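*Asks:* Here you go, one structure.
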Amino acid sequence: MALHPHDARVLESLGEAQFGDGQFVEADAAFTEAIGYGRSDWMVQYKRAMTRLELGQLDLAAADIAAAAQQSPNFPGLNYARGILLLKQEQPEQALADLLLYLRERPKDPQAAYLAGTALYQLGRYHESEEYLERAYRAAPETPTRAAALAAVRLARKDFAGAEALLRPFADQPDAAPGIQELLGQAVRGQGRAAEARDLLTAAVTARPDGAMTRLRLAESMLAAGDPVGAEPELRAVLQASPANQIARLMLIRIYLEKPDPKAALTEAEALIAIAPKDPRALNALGLAHQVNGDPAAARTAFARALKSEPGFADAAFNLVAAARREPDPQVAGALCEQVLAAQPGHANAILLLAQLEVTAGRRKAALDRLSEALAKESGNLALRLNLARGYLPRARSPPRNASSKTDRRPQPPTPLS
């Protein structure tokens with residue numbers, strides 16, 4: 001028997017069937033027509049809201065949720081729908097509140113647990129997130145998206161072996177869930193298997209060539225596997241799509257410092273400074289680039305700016321002390337060490353170098369007094385204890401080389417970028 005096209009209940013049932021088959025455009029049309037023919041109760045509006053969430057029509061979905069809530073404010077499904085809406089609007093904290101209210105009424109709903117776990121993950125609450133995502137995964141362990149979500153939390157918690165165990169069953173099904181190969185690459189990389197990670201991430205980039213973060217991870221794995229030649233074009237591709245990507249540029253600078261290619265390192269460092277002029281890592285990279293280009297004064301200035309920008313930045317302090325150690329003028333070297341100590345008062349290398357300078361100047365007692373004073377403030381500093389024991393001090397520095405010296409005075413290799 002043919003169904004009457006104007007039967008609102010028939011249209012509602014049709015919309016439900018189409019929604020179940022993933023025909024969301026058709027389902028939205030059926031629900032809208034049902035409402036137009038008088039089927040305007042809150043349940044149809046709720047169903048249309050869920051359909052519009054699938055279609056990404058967030059404003060229309062929000063209107064349907066609000067209209068349904070006016071008629072049935074205590075219906076738990078509205079908390080669920082609102083939770084999805086808020087997640088899509090990148091409001092995880094508010095989404096979590098609605099999803100937890102829904103789970104009080106429907107505690108065994110695995111999809112709601114999955115969504116609550118997702119919200120907690122976005123909030124950085126990984127332990128709680130793992131609890132909810134584990135519940136969702138156990139309800140359907142054959143579902144790759146749930147395995148991937150739980151694996152992402154385990155990666156965030158540095159449980160690389162646990163993440164790999166979840167992802168391995170899906171390794172041969174890369175199309176089942178986007179990102180499986182990338183997550184698996186991160187898991188094996190975290191366990192020190194850089195070459196295997198490189199192969200997995202290469203496959204992930206092939207599947208999703210526009211994924212900038214995937215390319216960055218691939219480049220990182222290539223560098224760890226000793227393949228800077230392969231990493232360079234990946235980083236160039238990231239910068240072509242996003243010239244302001246600081247991570248990619250820092251990694252390129254690292255490659256050029258280690259080649260070494262001084263001019264290329266300086267070009268990239270200056271480009272990075274143009275993007276982030278006060279970033280301590282950018283300034284540290286600039287200092288290293290100046291150093292390999294034979295400009296120690298510019299290198300010192302950059303390291304000092306990095307340390308001033310972030311006084312606790314260990315790399316900048318280390319590089320500034322290293323620059324002081326290479327400096328032939330004792331007064332300049334001492335001033336550099338004092339800059340480090342102003343930012344990090346217990347910096348052992350700076351204290352020891354100042355003591356060396358005192359010894360070189362013939363002031364051994366002053367050097368011992370400096371070490372004793374420093375040790376009184378830093379009683380747990382093993383390096384200072386070792387050097388103070390029995391009055392021992394590091395070997396005195398050689399006097400500054402004169403202008404006619406033929407000794408090789410090229411800059412020493414820089415420390416790696418962090």
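How things are named: the first chain in the structure tokens is A, the next is B, and so on; residues count from 1 in each chain; ligands count from 1 in the order shown.
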Please run DSSP on the backbone and report, as a count of residues only, all residues within region 146-373 of chain A that come out as helix (DSSP H, G or I).

*Replies:* 178

*Asks:* Can you pull out every residue within 10 Å of Ala163 (chain A), counting only C-alpha atoms, but drop anything in the same chain fewer than 6 positions away, and send it as a ChimeraX atom specification?

*Replies:* /A:147-157,183-184,186-188

*Asks:* Would you export the selected residues with all heavy atoms as an mmCIF file, in the first residue's frame, please?

*Replies:*
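The result, stored in out-v7.cif:
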```cif
data_model
loop_
_atom_site.group_PDB
_atom_site.id
_atom_site.type_symbol
_atom_site.label_atom_id
_atom_site.label_comp_id
_atom_site.auth_asym_id
_atom_site.auth_seq_id
_atom_site.Cartn_x
_atom_site.Cartn_y
_atom_site.Cartn_z
ATOM 1 N N ALA A 147 40.083 2.937 19.004
ATOM 2 C CA ALA A 147 41.448 2.519 19.305
ATOM 3 C C ALA A 147 42.415 3.684 19.118
ATOM 4 O O ALA A 147 43.327 3.894 19.928
ATOM 5 C CB ALA A 147 41.841 1.348 18.410
ATOM 6 N N ALA A 148 42.207 4.459 18.055
ATOM 7 C CA ALA A 148 43.089 5.593 17.773
ATOM 8 C C ALA A 148 42.988 6.656 18.858
ATOM 9 O O ALA A 148 43.994 7.232 19.285
ATOM 10 C CB ALA A 148 42.754 6.186 16.405
ATOM 11 N N ALA A 149 41.761 6.924 19.325
ATOM 12 C CA ALA A 149 41.577 7.939 20.366
ATOM 13 C C ALA A 149 42.262 7.523 21.661
ATOM 14 O O ALA A 149 42.940 8.326 22.314
ATOM 15 C CB ALA A 149 40.087 8.172 20.605
ATOM 16 N N LEU A 150 42.101 6.268 22.042
ATOM 17 C CA LEU A 150 42.744 5.772 23.262
ATOM 18 C C LEU A 150 44.268 5.767 23.103
ATOM 19 O O LEU A 150 45.012 6.101 24.033
ATOM 20 C CB LEU A 150 42.225 4.375 23.593
ATOM 21 C CG LEU A 150 42.758 3.719 24.867
ATOM 22 C CD1 LEU A 150 42.542 4.607 26.082
ATOM 23 C CD2 LEU A 150 42.093 2.359 25.078
ATOM 24 N N ALA A 151 44.741 5.412 21.916
ATOM 25 C CA ALA A 151 46.184 5.422 21.655
ATOM 26 C C ALA A 151 46.745 6.835 21.765
ATOM 27 O O ALA A 151 47.858 7.031 22.278
ATOM 28 C CB ALA A 151 46.468 4.844 20.272
ATOM 29 N N ALA A 152 45.997 7.837 21.294
ATOM 30 C CA ALA A 152 46.468 9.225 21.375
ATOM 31 C C ALA A 152 46.673 9.652 22.825
ATOM 32 O O ALA A 152 47.641 10.349 23.151
ATOM 33 C CB ALA A 152 45.473 10.148 20.681
ATOM 34 N N VAL A 153 45.769 9.213 23.709
ATOM 35 C CA VAL A 153 45.924 9.541 25.126
ATOM 36 C C VAL A 153 47.160 8.850 25.693
ATOM 37 O O VAL A 153 47.928 9.442 26.458
ATOM 38 C CB VAL A 153 44.670 9.115 25.919
ATOM 39 C CG1 VAL A 153 44.883 9.338 27.413
ATOM 40 C CG2 VAL A 153 43.461 9.905 25.472
ATOM 41 N N ARG A 154 47.358 7.593 25.309
ATOM 42 C CA ARG A 154 48.535 6.875 25.812
ATOM 43 C C ARG A 154 49.833 7.504 25.311
ATOM 44 O O ARG A 154 50.833 7.545 26.032
ATOM 45 C CB ARG A 154 48.444 5.400 25.425
ATOM 46 C CG ARG A 154 47.338 4.683 26.199
ATOM 47 C CD ARG A 154 47.290 3.200 25.934
ATOM 48 N NE ARG A 154 46.274 2.570 26.762
ATOM 49 C CZ ARG A 154 45.947 1.282 26.699
ATOM 50 N NH1 ARG A 154 46.560 0.480 25.834
ATOM 51 N NH2 ARG A 154 45.011 0.788 27.495
ATOM 52 N N LEU A 155 49.812 8.015 24.097
ATOM 53 C CA LEU A 155 50.988 8.733 23.595
ATOM 54 C C LEU A 155 51.237 9.978 24.434
ATOM 55 O O LEU A 155 52.390 10.300 24.759
ATOM 56 C CB LEU A 155 50.782 9.111 22.129
ATOM 57 C CG LEU A 155 50.866 7.974 21.107
ATOM 58 C CD1 LEU A 155 50.474 8.483 19.730
ATOM 59 C CD2 LEU A 155 52.264 7.369 21.065
ATOM 60 N N ALA A 156 50.172 10.691 24.762
ATOM 61 C CA ALA A 156 50.315 11.899 25.580
ATOM 62 C C ALA A 156 50.877 11.570 26.958
ATOM 63 O O ALA A 156 51.582 12.387 27.558
ATOM 64 C CB ALA A 156 48.963 12.599 25.717
ATOM 65 N N ARG A 157 50.603 10.364 27.448
ATOM 66 C CA ARG A 157 51.101 9.939 28.753
ATOM 67 C C ARG A 157 52.429 9.179 28.645
ATOM 68 O O ARG A 157 52.898 8.596 29.608
ATOM 69 C CB ARG A 157 50.052 9.062 29.448
ATOM 70 C CG ARG A 157 48.727 9.790 29.727
ATOM 71 C CD ARG A 157 47.801 8.935 30.559
ATOM 72 N NE ARG A 157 48.367 8.728 31.896
ATOM 73 C CZ ARG A 157 47.950 7.787 32.739
ATOM 74 N NH1 ARG A 157 46.998 6.955 32.377
ATOM 75 N NH2 ARG A 157 48.500 7.666 33.921
ATOM 76 N N LEU A 183 49.874 7.848 14.153
ATOM 77 C CA LEU A 183 49.922 7.517 15.577
ATOM 78 C C LEU A 183 50.874 6.349 15.837
ATOM 79 O O LEU A 183 51.649 6.366 16.802
ATOM 80 C CB LEU A 183 48.519 7.176 16.082
ATOM 81 C CG LEU A 183 47.526 8.339 16.170
ATOM 82 C CD1 LEU A 183 46.119 7.813 16.432
ATOM 83 C CD2 LEU A 183 47.932 9.324 17.255
ATOM 84 N N LEU A 184 50.823 5.349 14.974
ATOM 85 C CA LEU A 184 51.706 4.196 15.135
ATOM 86 C C LEU A 184 53.163 4.617 14.954
ATOM 87 O O LEU A 184 54.061 4.147 15.664
ATOM 88 C CB LEU A 184 51.324 3.105 14.134
ATOM 89 C CG LEU A 184 52.002 1.742 14.297
ATOM 90 C CD1 LEU A 184 51.811 1.193 15.705
ATOM 91 C CD2 LEU A 184 51.455 0.760 13.264
ATOM 92 N N GLN A 186 54.392 7.527 15.727
ATOM 93 C CA GLN A 186 54.785 8.190 16.974
ATOM 94 C C GLN A 186 55.075 7.169 18.072
ATOM 95 O O GLN A 186 56.000 7.346 18.869
ATOM 96 C CB GLN A 186 53.673 9.123 17.442
ATOM 97 C CG GLN A 186 53.434 10.327 16.546
ATOM 98 C CD GLN A 186 52.282 11.155 17.063
ATOM 99 O OE1 GLN A 186 52.344 11.727 18.148
ATOM 100 N NE2 GLN A 186 51.199 11.226 16.302
ATOM 101 N N ALA A 187 54.263 6.096 18.102
ATOM 102 C CA ALA A 187 54.433 5.082 19.140
ATOM 103 C C ALA A 187 55.778 4.375 19.006
ATOM 104 O O ALA A 187 56.494 4.184 19.999
ATOM 105 C CB ALA A 187 53.286 4.074 19.087
ATOM 106 N N VAL A 188 56.150 3.994 17.796
ATOM 107 C CA VAL A 188 57.422 3.285 17.625
ATOM 108 C C VAL A 188 58.595 4.253 17.745
ATOM 109 O O VAL A 188 59.673 3.887 18.233
ATOM 110 C CB VAL A 188 57.461 2.498 16.295
ATOM 111 C CG1 VAL A 188 56.347 1.472 16.243
ATOM 112 C CG2 VAL A 188 57.398 3.415 15.084
#
```

*Asks:* At a cut-off of 10 Å, using only C-alpha atoms, what residues contact Glu270 (chain A)? Leave out same-chain residues fewer than 6 positions from it and give the result as a PyMOL selection string.

*Replies:* chain A and resi 264+276-277+282-283+285-286+289

*Asks:* Grab the residues selected above and save them as a PDB file, in the first residue's frame with C-alpha atoms.

*Replies:*
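What landed in selection-v4.pdb:
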```pdb
ATOM      1  CA  ALA A 264      71.758  28.728   4.877  1.00  0.00           C
ATOM      2  CA  ALA A 276      59.341  35.603  16.407  1.00  0.00           C
ATOM      3  CA  PRO A 277      61.783  38.380  17.361  1.00  0.00           C
ATOM      4  CA  ALA A 282      64.749  31.622  17.845  1.00  0.00           C
ATOM      5  CA  LEU A 283      67.368  33.902  19.432  1.00  0.00           C
ATOM      6  CA  ALA A 285      69.305  29.552  16.943  1.00  0.00           C
ATOM      7  CA  LEU A 286      70.381  32.944  15.625  1.00  0.00           C
ATOM      8  CA  ALA A 289      74.098  30.595  13.159  1.00  0.00           C
TER       9      ALA A 289
END
```

*Asks:* Quick one: distance from CA of Tyr121 (chain A) to CA of Leu200 (chain A) in Å, one decimal?

*Replies:*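 About the pair CA of Tyr121 (chain A) and CA of Leu200 (chain A): they are 24.2 Å apart.
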
*Asks:* Set the distance at 12 Å and use only C-alpha atoms: which residues neighbour Phe75 (chain A) once local chain neighbours fewer than 4 positions away are removed? I'd like the list as a PDB file with N, CA, C and O atoms, in the first residue's frame.

*Replies:*
```pdb
ATOM      1  N   TRP A  42       8.897  18.235  20.067  1.00  0.00           N
ATOM      2  CA  TRP A  42      10.309  18.420  20.371  1.00  0.00           C
ATOM      3  C   TRP A  42      11.181  17.268  19.893  1.00  0.00           C
ATOM      4  O   TRP A  42      12.341  17.458  19.572  1.00  0.00           O
ATOM      5  N   MET A  43      10.618  16.041  19.827  1.00  0.00           N
ATOM      6  CA  MET A  43      11.429  14.896  19.432  1.00  0.00           C
ATOM      7  C   MET A  43      11.895  15.006  17.980  1.00  0.00           C
ATOM      8  O   MET A  43      13.036  14.668  17.659  1.00  0.00           O
ATOM      9  N   TYR A  46      14.645  17.467  17.894  1.00  0.00           N
ATOM     10  CA  TYR A  46      15.874  16.842  18.405  1.00  0.00           C
ATOM     11  C   TYR A  46      16.522  15.985  17.328  1.00  0.00           C
ATOM     12  O   TYR A  46      17.740  16.054  17.119  1.00  0.00           O
ATOM     13  N   ILE A  65      18.028  22.490  19.004  1.00  0.00           N
ATOM     14  CA  ILE A  65      18.236  22.045  20.388  1.00  0.00           C
ATOM     15  C   ILE A  65      17.522  22.993  21.347  1.00  0.00           C
ATOM     16  O   ILE A  65      16.840  22.556  22.295  1.00  0.00           O
ATOM     17  N   ALA A  68      13.715  22.440  21.141  1.00  0.00           N
ATOM     18  CA  ALA A  68      13.311  21.199  21.799  1.00  0.00           C
ATOM     19  C   ALA A  68      13.412  21.331  23.315  1.00  0.00           C
ATOM     20  O   ALA A  68      12.565  20.805  24.052  1.00  0.00           O
ATOM     21  N   ALA A  69      14.423  22.051  23.805  1.00  0.00           N
ATOM     22  CA  ALA A  69      14.607  22.208  25.248  1.00  0.00           C
ATOM     23  C   ALA A  69      13.487  23.009  25.880  1.00  0.00           C
ATOM     24  O   ALA A  69      13.159  22.809  27.059  1.00  0.00           O
ATOM     25  N   GLN A  70      12.862  23.899  25.116  1.00  0.00           N
ATOM     26  CA  GLN A  70      11.739  24.664  25.650  1.00  0.00           C
ATOM     27  C   GLN A  70      10.557  23.757  25.981  1.00  0.00           C
ATOM     28  O   GLN A  70       9.823  23.993  26.943  1.00  0.00           O
ATOM     29  N   GLN A  71      10.378  22.701  25.187  1.00  0.00           N
ATOM     30  CA  GLN A  71       9.254  21.788  25.393  1.00  0.00           C
ATOM     31  C   GLN A  71       9.600  20.652  26.350  1.00  0.00           C
ATOM     32  O   GLN A  71       8.733  20.167  27.081  1.00  0.00           O
ATOM     33  N   ASN A  79      21.217  17.010  26.388  1.00  0.00           N
ATOM     34  CA  ASN A  79      22.575  17.192  26.913  1.00  0.00           C
ATOM     35  C   ASN A  79      23.599  16.558  25.982  1.00  0.00           C
ATOM     36  O   ASN A  79      24.678  17.108  25.739  1.00  0.00           O
ATOM     37  N   TYR A  80      23.246  15.394  25.461  1.00  0.00           N
ATOM     38  CA  TYR A  80      24.131  14.690  24.527  1.00  0.00           C
ATOM     39  C   TYR A  80      24.342  15.520  23.258  1.00  0.00           C
ATOM     40  O   TYR A  80      25.481  15.736  22.824  1.00  0.00           O
ATOM     41  N   ALA A  81      23.221  16.012  22.697  1.00  0.00           N
ATOM     42  CA  ALA A  81      23.310  16.810  21.468  1.00  0.00           C
ATOM     43  C   ALA A  81      24.096  18.097  21.709  1.00  0.00           C
ATOM     44  O   ALA A  81      24.926  18.504  20.889  1.00  0.00           O
ATOM     45  N   ARG A  82      23.833  18.719  22.869  1.00  0.00           N
ATOM     46  CA  ARG A  82      24.540  19.965  23.172  1.00  0.00           C
ATOM     47  C   ARG A  82      26.028  19.692  23.383  1.00  0.00           C
ATOM     48  O   ARG A  82      26.878  20.501  23.010  1.00  0.00           O
ATOM     49  N   ASP A  98      27.927  18.946  29.802  1.00  0.00           N
ATOM     50  CA  ASP A  98      26.696  18.365  29.262  1.00  0.00           C
ATOM     51  C   ASP A  98      26.812  16.856  29.104  1.00  0.00           C
ATOM     52  O   ASP A  98      25.863  16.115  29.393  1.00  0.00           O
ATOM     53  N   LEU A 101      26.433  15.091  32.418  1.00  0.00           N
ATOM     54  CA  LEU A 101      25.022  15.061  32.818  1.00  0.00           C
ATOM     55  C   LEU A 101      24.283  13.945  32.086  1.00  0.00           C
ATOM     56  O   LEU A 101      23.473  13.219  32.680  1.00  0.00           O
ATOM     57  N   TYR A 102      24.563  13.802  30.817  1.00  0.00           N
ATOM     58  CA  TYR A 102      23.930  12.733  30.036  1.00  0.00           C
ATOM     59  C   TYR A 102      24.352  11.359  30.559  1.00  0.00           C
ATOM     60  O   TYR A 102      23.522  10.441  30.694  1.00  0.00           O
ATOM     61  N   GLU A 105      22.519   9.718  33.407  1.00  0.00           N
ATOM     62  CA  GLU A 105      21.266   9.046  33.056  1.00  0.00           C
ATOM     63  C   GLU A 105      21.514   7.827  32.169  1.00  0.00           C
ATOM     64  O   GLU A 105      20.744   6.876  32.203  1.00  0.00           O
ATOM     65  N   ARG A 106      22.556   7.857  31.364  1.00  0.00           N
ATOM     66  CA  ARG A 106      22.856   6.764  30.433  1.00  0.00           C
ATOM     67  C   ARG A 106      24.320   6.330  30.608  1.00  0.00           C
ATOM     68  O   ARG A 106      25.152   6.517  29.724  1.00  0.00           O
TER      69      ARG A 106
END
```

*Asks:* So that I can check the surroundings of Ile247 (chain A), please list as a PyMOL selection string every protein, DNA and RNA residue that reaches within 12 Å of it, counting only C-alpha atoms and ignoring chain neighbours fewer than 5 positions away.

*Replies:* chain A and resi 212-213+215-217+219-220+235-236+238-239+242+252-254+268-269+272+275-276+279+281-282+285+417-418
